[in-house]
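Participant: My structure is stored as coords-v9.txt, with compact mmCIF, C-alpha atoms.
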```txt
# COMPACT_ATOMS: atom_id res chain seq x y z
CA MET V 203 5.56 34.21 -23.37
CA ASN V 204 9.03 34.82 -21.94
CA LYS V 205 10.23 32.56 -19.17
CA PRO V 206 11.18 34.47 -16.01
CA GLN V 207 14.62 34.05 -14.47
CA TYR V 208 14.82 30.56 -12.97
CA HIS V 209 13.74 30.34 -9.38
CA LEU V 210 13.02 27.19 -7.41
CA THR V 211 9.68 28.48 -6.17
CA TYR V 212 8.59 29.11 -9.79
CA ASN V 213 8.98 25.42 -10.56
CA ALA V 214 5.78 23.35 -10.20
CA ARG V 215 7.84 20.24 -9.42
CA PHE V 216 9.12 21.87 -6.24
CA TYR V 217 5.57 22.09 -4.87
CA VAL V 218 4.82 18.45 -5.61
CA LEU V 219 7.99 17.30 -3.82
CA ALA V 220 7.64 19.69 -0.87
CA SER V 221 3.97 18.78 -0.34
CA SER V 222 4.87 15.05 -0.45
CA LEU V 223 7.47 15.61 2.25
CA SER V 224 5.00 17.52 4.43
CA LEU V 225 2.26 14.96 3.78
CA SER V 226 4.53 12.14 5.00
CA VAL V 227 5.31 14.06 8.23
CA VAL V 228 1.61 14.84 8.81
CA THR V 229 0.61 11.20 8.14
CA ALA V 230 3.24 9.72 10.46
CA SER V 231 2.45 12.24 13.23
CA TYR V 232 -1.33 11.96 12.93
CA LEU V 233 -1.26 8.15 13.09
CA ARG V 234 1.19 8.19 16.00
CA LEU V 235 -1.11 10.45 18.00
CA ASN V 236 -4.18 8.34 17.25
CA ILE V 237 -2.83 4.79 17.57
CA ALA V 238 -1.43 3.82 20.94
CA GLY V 239 -0.09 0.34 20.13
CA ASP V 240 3.30 0.35 18.35
CA GLN V 241 2.60 -2.70 16.20
CA LEU V 242 -0.74 -1.38 14.98
CA TYR V 243 0.88 2.02 14.34
CA TYR V 244 3.52 0.46 12.08
CA ILE V 245 0.87 -1.58 10.26
CA ARG V 246 -1.32 1.45 9.56
CA LEU V 247 1.64 3.65 8.65
CA GLN V 248 3.03 1.22 6.09
CA GLN V 249 -0.50 0.76 4.68
CA VAL V 250 -1.03 4.51 4.24
CA PHE V 251 2.43 5.04 2.71
CA GLY V 252 1.78 2.11 0.36
CA LEU V 253 -1.56 3.63 -0.64
CA LEU V 254 0.02 7.05 -1.25
CA CYS V 255 2.76 5.43 -3.33
CA LEU V 256 0.14 3.71 -5.49
CA LEU V 257 -1.90 6.90 -5.93
CA TYR V 258 1.13 8.96 -6.98
CA TRP V 259 2.41 6.17 -9.23
CA TYR V 260 -0.98 5.85 -10.89
CA ALA V 261 -1.20 9.63 -11.38
CA ALA V 262 2.28 9.70 -12.94
CA LEU V 263 1.33 6.89 -15.30
CA ILE V 264 -2.06 8.17 -16.41
CA ILE V 265 -1.03 11.77 -17.23
CA SER V 266 0.73 10.91 -20.47
CA PRO V 267 -1.96 8.67 -22.06
CA LEU V 268 -4.62 11.10 -20.84
CA GLY V 269 -2.82 13.80 -22.84
CA TYR V 270 -3.36 11.77 -26.03
CA VAL V 271 -7.11 11.73 -25.39
CA LEU V 272 -7.69 15.23 -24.00
CA GLY V 273 -4.98 16.98 -25.98
CA LYS V 274 -1.31 17.42 -25.08
CA ALA V 275 -1.57 21.21 -24.83
CA ARG V 276 -4.22 21.00 -22.15
CA LEU V 277 -2.08 18.80 -19.95
CA LYS V 278 1.35 20.28 -20.65
CA ARG V 279 1.77 21.73 -17.15
CA LEU V 280 0.57 18.57 -15.48
CA GLU V 281 2.97 16.65 -17.72
CA PHE V 282 5.75 18.96 -16.54
CA SER V 283 5.01 17.93 -12.92
CA ARG V 284 4.92 14.26 -13.89
CA ARG V 285 8.53 13.53 -12.96
CA ALA V 286 8.09 15.03 -9.51
CA ILE V 287 4.94 12.94 -9.02
CA GLY V 288 6.97 9.83 -9.94
CA VAL V 289 9.75 10.81 -7.52
CA SER V 290 7.10 11.29 -4.81
CA ALA V 291 5.82 7.78 -5.54
CA ALA V 292 9.38 6.45 -5.07
CA TYR V 293 9.69 8.45 -1.83
CA PHE V 294 6.47 6.94 -0.43
CA ALA V 295 7.59 3.49 -1.60
CA VAL V 296 10.85 3.84 0.36
CA LEU V 297 8.89 4.93 3.45
CA HIS V 298 6.47 2.01 2.97
CA VAL V 299 9.36 -0.47 2.75
CA GLY V 300 11.25 1.11 5.65
CA VAL V 301 8.26 0.99 8.00
CA ALA V 302 7.27 -2.53 6.91
CA LEU V 303 10.78 -3.98 7.26
CA TRP V 304 12.19 -2.19 10.28
CA GLY V 305 8.96 -1.31 12.05
CA GLN V 306 6.43 -4.03 11.38
CA LEU V 307 8.77 -6.98 10.82
CA GLY V 308 11.70 -5.93 12.99
CA GLY V 309 14.57 -6.16 10.50
CA LEU V 310 15.76 -7.80 7.30
CA ASP V 311 16.61 -11.08 9.07
CA GLU V 312 12.93 -11.61 9.87
CA ILE V 313 12.05 -12.07 6.19
CA ALA V 314 13.47 -15.59 6.39
CA LEU V 315 10.75 -16.46 8.91
CA LEU V 316 7.87 -15.43 6.68
CA PRO V 317 5.65 -17.92 4.84
CA THR V 318 6.65 -18.59 1.21
CA LEU V 319 3.83 -16.52 -0.29
CA PHE V 320 4.98 -13.48 1.67
CA LYS V 321 8.58 -13.97 0.49
CA TRP V 322 7.44 -14.11 -3.13
CA SER V 323 5.33 -11.02 -2.69
CA LEU V 324 8.14 -9.09 -0.99
CA GLY V 325 10.51 -10.15 -3.77
CA LEU V 326 8.15 -8.74 -6.41
CA GLY V 327 7.73 -5.58 -4.35
CA ALA V 328 11.52 -5.22 -4.03
CA ALA V 329 11.94 -5.52 -7.81
CA ALA V 330 9.21 -2.89 -8.32
CA LEU V 331 10.93 -0.60 -5.81
CA LEU V 332 14.25 -1.02 -7.61
CA ILE V 333 12.62 0.04 -10.89
CA LEU V 334 10.89 2.99 -9.22
CA LEU V 335 14.19 4.12 -7.65
CA LEU V 336 15.94 3.80 -11.00
CA MET V 337 13.27 6.06 -12.48
CA ALA V 338 13.66 8.54 -9.61
CA VAL V 339 17.47 8.86 -9.81
CA THR V 340 17.32 9.32 -13.59
CA SER V 341 14.57 11.93 -13.45
CA PHE V 342 16.90 14.95 -13.44
CA ASP V 343 17.37 17.09 -16.56
CA ALA V 344 21.14 16.55 -16.40
CA VAL V 345 20.70 12.77 -16.50
CA VAL V 346 18.28 13.05 -19.44
CA ARG V 347 20.85 15.14 -21.34
CA PHE V 348 23.64 12.71 -20.43
CA MET V 349 21.68 9.62 -21.48
CA THR V 350 19.99 11.26 -24.50
CA PHE V 351 16.21 11.48 -24.50
CA LYS V 352 15.70 8.36 -26.64
CA ARG V 353 17.65 6.06 -24.29
CA TRP V 354 16.12 7.72 -21.25
CA LYS V 355 12.64 7.11 -22.66
CA TRP V 356 13.40 3.44 -23.21
CA LEU V 357 14.72 3.11 -19.68
CA HIS V 358 11.60 4.74 -18.27
CA ARG V 359 9.35 2.27 -20.07
CA LEU V 360 10.49 -0.17 -17.37
CA VAL V 361 7.88 1.54 -15.22
CA TYR V 362 5.17 -0.62 -16.85
CA ILE V 363 7.00 -3.79 -15.76
CA GLY V 364 7.25 -2.21 -12.32
CA LEU V 365 3.49 -1.63 -12.33
CA ILE V 366 2.79 -5.30 -13.15
CA LEU V 367 5.14 -6.37 -10.33
CA VAL V 368 3.51 -4.04 -7.83
CA VAL V 369 -0.01 -5.17 -8.82
CA LEU V 370 1.06 -8.77 -8.12
CA HIS V 371 2.71 -7.70 -4.85
CA VAL V 372 -0.47 -5.97 -3.68
CA TRP V 373 -2.73 -8.79 -4.85
CA MET V 374 -0.72 -11.44 -2.99
CA ILE V 375 -0.60 -9.80 0.47
CA GLY V 376 -2.35 -6.42 0.25
CA THR V 377 -4.87 -6.42 3.06
CA HIS V 378 -7.47 -4.06 1.64
CA LEU V 379 -8.24 -6.31 -1.31
CA GLU V 380 -10.38 -8.28 1.13
CA TYR V 381 -13.06 -5.68 0.45
CA MET V 382 -15.01 -6.13 -2.76
CA SER V 383 -15.43 -2.34 -3.14
CA VAL V 384 -11.63 -1.92 -3.17
CA ARG V 385 -11.23 -4.77 -5.66
CA TRP V 386 -13.75 -3.20 -8.03
CA LEU V 387 -12.14 0.23 -7.70
CA ALA V 388 -8.66 -1.20 -8.39
CA PHE V 389 -10.01 -3.16 -11.35
CA ALA V 390 -11.74 -0.07 -12.79
CA MET V 391 -8.56 2.02 -12.41
CA LEU V 392 -6.41 -0.62 -14.12
CA ALA V 393 -9.00 -1.04 -16.89
CA LEU V 394 -9.06 2.74 -17.44
CA LEU V 395 -5.26 2.96 -17.54
CA SER V 396 -4.96 0.05 -19.95
CA GLY V 397 -7.66 1.56 -22.20
CA LEU V 398 -5.90 4.93 -22.33
CA GLU V 399 -2.53 3.26 -22.94
CA THR V 400 -4.03 1.25 -25.80
CA ILE V 401 -5.28 4.48 -27.40
CA ARG V 402 -1.86 6.09 -26.96
CA VAL V 403 0.04 3.15 -28.49
CA TYR V 404 -2.43 3.01 -31.36
CA LYS V 405 -2.16 6.74 -32.06
CA ARG V 406 1.64 6.60 -32.05
CA ALA V 407 1.74 3.59 -34.37
CA LYS V 408 -0.98 4.89 -36.70
CA GLY V 409 0.41 6.06 -39.98
CA ARG V 410 3.88 4.71 -39.24
CA LEU V 411 3.07 0.99 -39.00
CA PHE V 412 -0.50 0.75 -40.29
CA ASP V 413 -3.52 2.81 -41.23
CA PHE V 414 -6.99 1.47 -40.56
CA ASN V 415 -10.37 3.08 -41.14
CA LYS V 416 -12.64 4.06 -38.25
CA SER V 417 -14.60 0.81 -37.87
CA GLU V 418 -11.41 -1.29 -38.10
CA THR V 419 -9.80 0.93 -35.48
CA ILE V 420 -12.75 0.47 -33.11
CA ILE V 421 -12.69 -3.30 -33.53
CA ILE V 422 -8.92 -3.52 -32.99
CA PHE V 423 -9.07 -1.22 -29.96
CA ALA V 424 -11.98 -3.13 -28.43
CA THR V 425 -10.23 -6.48 -28.97
CA ILE V 426 -6.91 -5.39 -27.45
CA TRP V 427 -8.56 -3.65 -24.53
CA ALA V 428 -10.91 -6.55 -23.82
CA THR V 429 -7.94 -8.95 -23.87
CA ILE V 430 -6.02 -6.83 -21.34
CA VAL V 431 -9.10 -6.45 -19.11
CA ILE V 432 -9.71 -10.23 -19.20
CA VAL V 433 -6.06 -10.85 -18.24
CA ILE V 434 -6.43 -8.45 -15.27
CA ALA V 435 -9.77 -9.98 -14.23
CA SER V 436 -8.42 -13.52 -14.41
CA MET V 437 -5.41 -12.79 -12.19
CA PRO V 438 -7.11 -14.24 -9.06
CA ALA V 439 -7.39 -17.60 -10.83
CA PHE V 440 -3.64 -17.80 -11.45
CA VAL V 441 -2.00 -15.92 -8.58
CA GLN V 442 -2.53 -17.06 -5.01
CA SER V 443 -3.67 -14.51 -2.46
CA TYR V 444 -3.03 -14.69 1.28
CA HIS V 445 -6.62 -13.65 1.98
CA ALA V 446 -8.07 -16.60 0.13
CA ARG V 447 -6.14 -18.85 2.52
CA HIS V 448 -7.09 -17.24 5.80
CA ASP V 449 -10.65 -16.47 4.70
CA GLY V 450 -11.00 -20.24 4.46
CA GLY V 451 -9.59 -20.48 7.98
CA HIS V 452 -12.11 -18.00 9.29
CA ALA V 453 -14.90 -19.83 7.58
CA VAL V 454 -13.86 -22.99 9.43
CA SER V 455 -13.65 -21.02 12.64
CA GLU V 456 -17.06 -19.43 12.14
CA ALA V 457 -18.66 -22.77 11.24
CA ARG V 458 -17.30 -24.30 14.43
CA HIS V 459 -18.85 -21.58 16.56
CA ASP V 460 -22.28 -21.61 14.89
CA MET O 162 -9.14 21.92 -18.07
CA ILE O 163 -5.93 21.64 -16.08
CA LYS O 164 -7.58 23.26 -13.07
CA ARG O 165 -10.44 20.81 -13.27
CA LEU O 166 -8.00 17.92 -13.44
CA TRP O 167 -6.12 19.18 -10.40
CA ALA O 168 -9.41 19.60 -8.56
CA VAL O 169 -10.55 16.09 -9.53
CA GLY O 170 -7.15 14.64 -8.54
CA PHE O 171 -7.21 16.45 -5.20
CA MET O 172 -10.77 15.30 -4.54
CA ALA O 173 -9.82 11.75 -5.46
CA LEU O 174 -6.90 11.89 -3.00
CA CYS O 175 -9.17 13.27 -0.26
CA LEU O 176 -11.85 10.69 -1.01
CA GLY O 177 -9.24 7.94 -1.09
CA LEU O 178 -7.95 8.95 2.32
CA ALA O 179 -11.46 9.43 3.71
CA TRP O 180 -12.59 6.12 2.26
CA TYR O 181 -9.50 4.41 3.64
CA GLN O 182 -10.74 1.40 5.56
CA PRO O 183 -8.34 -0.02 8.11
CA ALA O 184 -8.31 -3.70 7.30
CA SER O 185 -6.79 -6.68 8.96
CA ALA O 186 -3.04 -6.91 8.63
CA HIS O 187 -0.19 -9.14 9.58
CA VAL O 188 2.16 -9.40 12.52
CA LEU O 189 5.26 -11.58 12.33
CA ILE O 190 6.15 -13.45 15.52
CA ARG O 191 9.06 -15.82 16.15
CA ASP O 192 8.89 -19.00 18.18
CA SER O 193 10.82 -18.99 21.48
CA SER O 194 13.87 -20.71 19.92
CA GLY O 195 13.84 -18.25 17.01
CA SER O 196 13.91 -21.05 14.45
CA ILE O 197 10.52 -20.53 12.73
CA GLY O 198 8.09 -17.69 12.29
CA ALA O 199 4.31 -17.27 12.25
CA VAL O 200 2.16 -14.54 10.82
CA LEU O 201 -0.66 -13.51 13.15
CA HIS O 202 -3.78 -12.06 11.61
CA VAL O 203 -6.54 -10.59 13.78
CA VAL O 204 -10.02 -9.72 12.59
CA PRO O 205 -11.41 -7.05 13.00
CA ASP O 206 -8.74 -4.69 11.73
CA ASP O 207 -5.85 -6.17 13.71
CA ASP O 208 -7.36 -4.09 16.48
CA PRO O 209 -9.75 -6.24 18.55
CA ILE O 210 -12.83 -4.76 20.21
CA ALA O 211 -13.33 -5.76 23.82
CA GLY O 212 -16.69 -7.47 24.35
CA GLN O 213 -16.96 -8.59 20.72
CA PRO O 214 -15.58 -11.82 19.23
CA SER O 215 -12.25 -11.59 17.38
CA ASP O 216 -10.87 -14.11 14.90
CA LEU O 217 -7.23 -15.02 15.43
CA TYR O 218 -5.37 -16.76 12.65
CA PHE O 219 -1.77 -17.99 12.85
CA ASP O 220 -0.01 -18.94 9.60
CA ILE O 221 2.92 -21.08 10.76
CA GLN O 222 6.09 -21.40 8.70
CA THR O 223 5.84 -25.19 8.54
CA SER O 224 4.39 -27.43 5.85
CA ALA O 225 1.47 -28.79 7.86
CA ILE O 226 0.32 -29.19 11.43
CA SER O 227 -1.56 -32.24 12.61
CA LYS O 228 -4.86 -31.83 14.45
CA ASP O 229 -4.66 -31.74 18.27
CA SER O 230 -1.05 -30.60 18.07
CA ALA O 231 -1.86 -26.93 18.59
CA GLY O 232 -2.88 -25.25 21.83
CA LEU O 233 -3.70 -21.59 22.45
CA THR O 234 -3.93 -19.79 25.76
CA ILE O 235 -4.77 -16.13 26.30
CA THR O 236 -3.76 -14.34 29.50
CA ASN O 237 -5.06 -10.98 30.63
CA LEU O 238 -1.88 -9.35 31.94
CA ALA O 239 -3.83 -7.04 34.27
CA THR O 240 -5.72 -9.81 36.08
CA ASP O 241 -3.44 -12.78 35.27
CA LYS O 242 -6.54 -14.74 34.24
CA THR O 243 -5.69 -17.37 31.60
CA ASP O 244 -8.21 -18.91 29.17
CA THR O 245 -7.56 -21.99 27.06
CA VAL O 246 -9.03 -21.30 23.63
CA PRO O 247 -10.25 -24.07 21.29
CA VAL O 248 -8.44 -23.97 17.94
CA GLU O 249 -9.09 -25.22 14.41
CA VAL O 250 -6.15 -26.49 12.37
CA ALA O 251 -6.11 -26.31 8.56
CA GLY O 252 -2.83 -26.99 6.72
CA SER O 253 -0.21 -24.74 8.26
CA GLY O 254 -2.85 -22.42 9.74
CA VAL O 255 -4.32 -22.32 13.21
CA GLY O 256 -7.58 -20.41 13.68
CA ALA O 257 -9.44 -19.48 16.83
CA GLN O 258 -12.19 -17.18 17.98
CA TYR O 259 -11.99 -15.30 21.26
CA THR O 260 -13.80 -12.46 22.99
CA PHE O 261 -11.51 -10.15 24.91
CA ALA O 262 -13.43 -9.25 28.06
CA SER O 263 -12.13 -5.70 28.48
CA GLN O 264 -9.52 -3.29 27.22
CA GLY O 265 -5.97 -4.08 28.24
CA THR O 266 -2.98 -6.12 27.18
CA TYR O 267 -3.29 -9.86 26.62
CA ARG O 268 -0.57 -12.46 26.13
CA LEU O 269 -1.40 -14.89 23.27
CA SER O 270 0.59 -18.12 23.70
CA LEU O 271 0.46 -20.70 20.94
CA THR O 272 2.11 -24.09 21.33
CA ILE O 273 2.67 -26.39 18.37
CA GLU O 274 3.71 -30.00 18.95
CA SER O 275 5.27 -31.56 15.88
CA ASP O 276 8.78 -33.07 15.55
CA LYS O 277 9.65 -30.58 18.29
CA THR O 278 7.71 -28.12 20.38
CA TYR O 279 7.34 -24.54 19.15
CA GLN O 280 6.18 -21.76 21.43
CA PHE O 281 4.87 -18.50 20.03
CA SER O 282 4.03 -15.57 22.24
CA TYR O 283 2.58 -12.16 21.40
CA ALA O 284 1.32 -9.26 23.49
CA GLN O 285 -1.97 -8.11 21.97
CA ARG O 286 -3.20 -4.69 22.94
CA VAL O 287 -7.00 -4.27 23.06
CA SER O 288 -7.85 -0.58 23.00
CA ARG O 289 -11.43 -0.52 21.76
CA GLY O 290 -14.74 -1.59 23.26
CA VAL O 291 -15.61 -2.42 26.88
CA THR O 292 -13.41 -0.50 29.30
CA GLY O 293 -11.90 -2.58 32.04
CA SER O 294 -8.35 -2.05 33.11
CA ALA O 295 -7.12 1.40 32.18
CA LEU O 296 -4.61 1.43 29.35
CA ASP O 297 -1.72 3.79 29.63
CA LYS O 298 -2.12 6.72 27.27
CA PRO O 299 1.38 7.59 26.09
CA THR O 300 2.07 11.08 24.80
CA TYR O 301 4.23 11.72 21.77
CA PRO O 302 5.58 15.30 21.79
CA LEU O 303 7.58 14.68 18.61
CA ALA O 304 4.43 13.53 16.80
CA GLN O 305 2.52 16.58 18.09
CA ALA O 306 5.28 18.85 16.79
CA GLY O 307 5.38 16.90 13.50
CA LEU O 308 1.64 17.31 13.01
CA VAL O 309 1.81 21.06 13.68
CA PHE O 310 4.89 21.72 11.52
CA GLY O 311 3.75 19.36 8.76
CA GLY O 312 0.33 21.01 8.68
CA ILE O 313 1.83 24.50 8.62
CA GLY O 314 4.25 23.34 5.93
CA LEU O 315 1.40 22.10 3.73
CA LEU O 316 -0.51 25.34 4.28
CA MET O 317 2.53 27.48 3.42
CA ILE O 318 3.28 25.44 0.30
CA GLY O 319 -0.33 25.94 -0.79
CA ILE O 320 -0.27 29.71 -0.15
CA VAL O 321 3.07 30.24 -1.95
CA ARG O 322 1.88 28.03 -4.83
CA VAL O 323 -1.28 30.13 -5.27
CA ASN O 324 0.58 33.45 -4.93
CA ARG O 325 3.16 32.55 -7.56
CA ARG O 326 0.81 30.75 -9.92
CA LYS O 327 1.51 33.10 -12.85
CA ASP O 328 5.30 32.74 -12.59
CA ILE O 329 4.94 29.01 -12.08
CA ARG O 330 2.79 28.80 -15.23
CA ARG O 331 5.52 30.55 -17.22
CA GLN O 332 8.42 28.62 -15.70
CA SER O 333 6.92 25.13 -15.59
CA THR O 334 6.90 24.20 -19.25
CA PHE O 335 9.25 22.05 -21.31
```
Can the structure in the file be given as structure tokens, please?

Facilitator:
Amino acid sequence: MNKPQYHLTYNARFYVLASSLSLSVVTASYLRLNIAGDQLYYIRLQQVFGLLCLLYWYAALIISPLGYVLGKARLKRLEFSRRAIGVSAAYFAVLHVGVALWGQLGGLDEIALLPTLFKWSLGLGAAALLILLLMAVTSFDAVVRFMTFKRWKWLHRLVYIGLILVVLHVWMIGTHLEYMSVRWLAFAMLALLSGLETIRVYKRAKGRLFDFNKSETIIIFATIWATIVIVIASMPAFVQSYHARHDGGHAVSEARHD
Amino acid sequence: MIKRLWAVGFMALCLGLAWYQPASAHVLIRDSSGSIGAVLHVVPDDDPIAGQPSDLYFDIQTSAISKDSAGLTITNLATDKTDTVPVEVAGSGVGAQYTFASQGTYRLSLTIESDKTYQFSYAQRVSRGVTGSALDKPTYPLAQAGLVFGGIGLLMIGIVRVNRRKDIRRQSTF
């Protein structure tokens, strides 16, 4: 099949980026028209932008390992759009940070007045944003050619460190993790991603580094996946969450009023 | 397969947005001298409902607060009626429960007595529940225009995307 002459509107990435831009305008406008209070508006807006960033980031991450399970050919067009999905995630992350810092908090100086847990969480979020931005600015074909694909690929593996940082950031101060349904959904999504990534890493290493039979493969896969899932599930025991603190406060408050 | 994946992804996005539950969130307030901060957390949803009890929780940027050193008053700015609200102190947190009588704007004033006196003040808007004093309903023409143009933009992107799907399929490969 011959490729037609290049045109921006023939490029699937263009539609991902343009729809992200429109979605951000619609979100900001819709919330502004429905929330009268400025402070509540900023809170909701940064929450929605944060959620959109996570959804796009997750989609960008899961496409590649999904290709190893479903077949690369089936997902080749989705894989082509992957970079634009990642850039959209970075775009929503910038909006999330902008609204949180200059809308909700009132400026960079205000960070100094936040409790320590918030500062830690914002620091992790800032590091994750830096990684995401690095991915976004190096997502152009010209940069890939300049860096060479091998080096570019290594650089883009930083995205997994970014994901760990952002999971910690969300866990520490993300408000929706108060709900058990959201916790279970987030856990299931992380477990699915880690399972698919384990399959991908195994398939890439198979034959080059080792070669196991079917039953050995299943045991190794199950062990690695279970270990990752246990690490994810045990995060609440090791990382403090803001909700755990104020839930205790509410419990005291509720007990007093009973 | 790819179409199914797009459909599933789109449905997941729609479901995610539909399922989106506004939760409690955080508001940073400074004390009157500007030396320390406090994070205010209001349940339900940082958006109190008039006529129903709301939990107020202040996380103060100090190591610990002694009992009886915190005092909270809430003033209805429409009627100037001030209530002194009993508080519970735990570590650096101050919790209270209060029922806003009607919609309107209320001034929350928290005083902490430790080595020095800290005064925190925040204007809380109550826009749900029992109607009392009328709240101003601001209009946002820019947001109205944004919603219209953003919506049209999304629609146009969708239409062009569908119309050019064959060319896109040929062009969008590695």

Participant: Find the residue from V:Gly325, V:Ala428, V:Ala302, V:Gly239 that sits nearest to Ala284 (chain O); use all atoms listed in the file when measuring.

Facilitator: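 Among V:Gly325, V:Ala428, V:Ala302, V:Gly239, it is V:Gly239 that comes nearest to Ala284 (chain O).
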
Participant: Please put the answer as JSON: centre and edge lengths, in Å with one decimal, of a box along x, y and z that encloses all listed atoms of region 391-395 of chain V plus 3 Å on each side.

Facilitator:
```
{"center_x": -7.2, "center_y": 1.0, "center_z": -15.0, "size_x": 9.8, "size_y": 10.0, "size_z": 11.1}
```

Participant: For region 299-302 of chain O, find every residue with an atom within 9 Å (counting all atoms listed in the file), except residues of its own chain fewer than 5 positions away, and show them as a list in words.

Facilitator: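 Residues meeting the cut-off are Ser231, Arg234, Leu235 and Ala238 of chain V; Gly307 of chain O.
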
Participant: Can you tell me how far CA of Ile363 (chain V) sits from CA of Ile264 (chain V), in Å to one decimal?

Facilitator: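 That distance, rounded to one decimal, is 15.0 Å.
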
Participant: Taking 3 positions as the minimum chain separation for residues in the same chain, which residues sit within 9 Å of Arg191 (chain O) when counting all atoms listed in the file? Answer as a PDB file with C-alpha atoms, keeping the file's coordinate frame.

Facilitator:
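Contents of selection.pdb, freshly written:
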```pdb
ATOM      1  CA  GLU V 312      12.930 -11.610   9.870  1.00  0.00           C
ATOM      2  CA  LEU V 315      10.750 -16.460   8.910  1.00  0.00           C
TER       3      LEU V 315
ATOM      4  CA  SER O 194      13.870 -20.710  19.920  1.00  0.00           C
ATOM      5  CA  GLY O 195      13.840 -18.250  17.010  1.00  0.00           C
ATOM      6  CA  SER O 196      13.910 -21.050  14.450  1.00  0.00           C
ATOM      7  CA  ILE O 197      10.520 -20.530  12.730  1.00  0.00           C
ATOM      8  CA  GLY O 198       8.090 -17.690  12.290  1.00  0.00           C
ATOM      9  CA  ALA O 199       4.310 -17.270  12.250  1.00  0.00           C
ATOM     10  CA  VAL O 200       2.160 -14.540  10.820  1.00  0.00           C
ATOM     11  CA  GLN O 280       6.180 -21.760  21.430  1.00  0.00           C
ATOM     12  CA  PHE O 281       4.870 -18.500  20.030  1.00  0.00           C
ATOM     13  CA  SER O 282       4.030 -15.570  22.240  1.00  0.00           C
TER      14      SER O 282
END
```

Participant: Given only C-alpha atoms, how would the per-residue table for chain V near chain O read, listing every residue at most 7 Å away with its closest atom pair and distance in Å to one decimal, sorted by chain and number, as JSON lines?

Facilitator:
```
{"residue": "V:Lys205", "atom": "CA", "partner": "O:Arg331", "partner_atom": "CA", "distance": 5.5}
{"residue": "V:Pro206", "atom": "CA", "partner": "O:Gln332", "partner_atom": "CA", "distance": 6.5}
{"residue": "V:Tyr212", "atom": "CA", "partner": "O:Ile329", "partner_atom": "CA", "distance": 4.3}
{"residue": "V:Asn213", "atom": "CA", "partner": "O:Ser333", "partner_atom": "CA", "distance": 5.4}
{"residue": "V:Ala214", "atom": "CA", "partner": "O:Ser333", "partner_atom": "CA", "distance": 5.8}
{"residue": "V:Tyr217", "atom": "CA", "partner": "O:Ile318", "partner_atom": "CA", "distance": 6.6}
{"residue": "V:Ser221", "atom": "CA", "partner": "O:Leu315", "partner_atom": "CA", "distance": 5.8}
{"residue": "V:Ser224", "atom": "CA", "partner": "O:Gly311", "partner_atom": "CA", "distance": 4.9}
{"residue": "V:Leu225", "atom": "CA", "partner": "O:Gly311", "partner_atom": "CA", "distance": 6.8}
{"residue": "V:Val227", "atom": "CA", "partner": "O:Gly311", "partner_atom": "CA", "distance": 5.6}
{"residue": "V:Val228", "atom": "CA", "partner": "O:Leu308", "partner_atom": "CA", "distance": 4.9}
{"residue": "V:Ser231", "atom": "CA", "partner": "O:Ala304", "partner_atom": "CA", "distance": 4.3}
{"residue": "V:Tyr232", "atom": "CA", "partner": "O:Leu308", "partner_atom": "CA", "distance": 6.1}
{"residue": "V:Arg234", "atom": "CA", "partner": "O:Ala304", "partner_atom": "CA", "distance": 6.3}
{"residue": "V:Leu235", "atom": "CA", "partner": "O:Ala304", "partner_atom": "CA", "distance": 6.5}
{"residue": "V:Ala238", "atom": "CA", "partner": "O:Pro299", "partner_atom": "CA", "distance": 7.0}
{"residue": "V:Gly239", "atom": "CA", "partner": "O:Arg286", "partner_atom": "CA", "distance": 6.5}
{"residue": "V:Ile245", "atom": "CA", "partner": "O:Ala186", "partner_atom": "CA", "distance": 6.8}
{"residue": "V:Arg276", "atom": "CA", "partner": "O:Ile163", "partner_atom": "CA", "distance": 6.3}
{"residue": "V:Leu277", "atom": "CA", "partner": "O:Ile163", "partner_atom": "CA", "distance": 6.2}
{"residue": "V:Lys278", "atom": "CA", "partner": "O:Thr334", "partner_atom": "CA", "distance": 6.9}
{"residue": "V:Arg279", "atom": "CA", "partner": "O:Thr334", "partner_atom": "CA", "distance": 6.1}
{"residue": "V:Phe282", "atom": "CA", "partner": "O:Thr334", "partner_atom": "CA", "distance": 6.0}
{"residue": "V:Gln306", "atom": "CA", "partner": "O:Val188", "partner_atom": "CA", "distance": 7.0}
{"residue": "V:Leu307", "atom": "CA", "partner": "O:Leu189", "partner_atom": "CA", "distance": 6.0}
{"residue": "V:Leu315", "atom": "CA", "partner": "O:Gly198", "partner_atom": "CA", "distance": 4.5}
{"residue": "V:Leu316", "atom": "CA", "partner": "O:Gly198", "partner_atom": "CA", "distance": 6.1}
{"residue": "V:Pro317", "atom": "CA", "partner": "O:Gln222", "partner_atom": "CA", "distance": 5.2}
{"residue": "V:Thr377", "atom": "CA", "partner": "O:Ala186", "partner_atom": "CA", "distance": 5.9}
{"residue": "V:His378", "atom": "CA", "partner": "O:Ala184", "partner_atom": "CA", "distance": 5.7}
{"residue": "V:Gly451", "atom": "CA", "partner": "O:Gly256", "partner_atom": "CA", "distance": 6.0}
{"residue": "V:His452", "atom": "CA", "partner": "O:Gly256", "partner_atom": "CA", "distance": 6.8}
{"residue": "V:Ser455", "atom": "CA", "partner": "O:Ala257", "partner_atom": "CA", "distance": 6.1}
```

Participant: Which value, in Å to one decimal, gives the distance between CA of Ala262 (chain V) and CA of Arg285 (chain V)?

Facilitator: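 Rounded to one decimal, the two atoms are 7.3 Å apart.
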
Participant: Which residue gives the smallest distance to Ser323 (chain V) among V:Met337, V:Val369, V:Leu280, V:Ala390, with only C-alpha atoms counted?

Facilitator: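 Of V:Met337, V:Val369, V:Leu280, V:Ala390, the one nearest Ser323 (chain V) is V:Val369, counting only C-alpha atoms.
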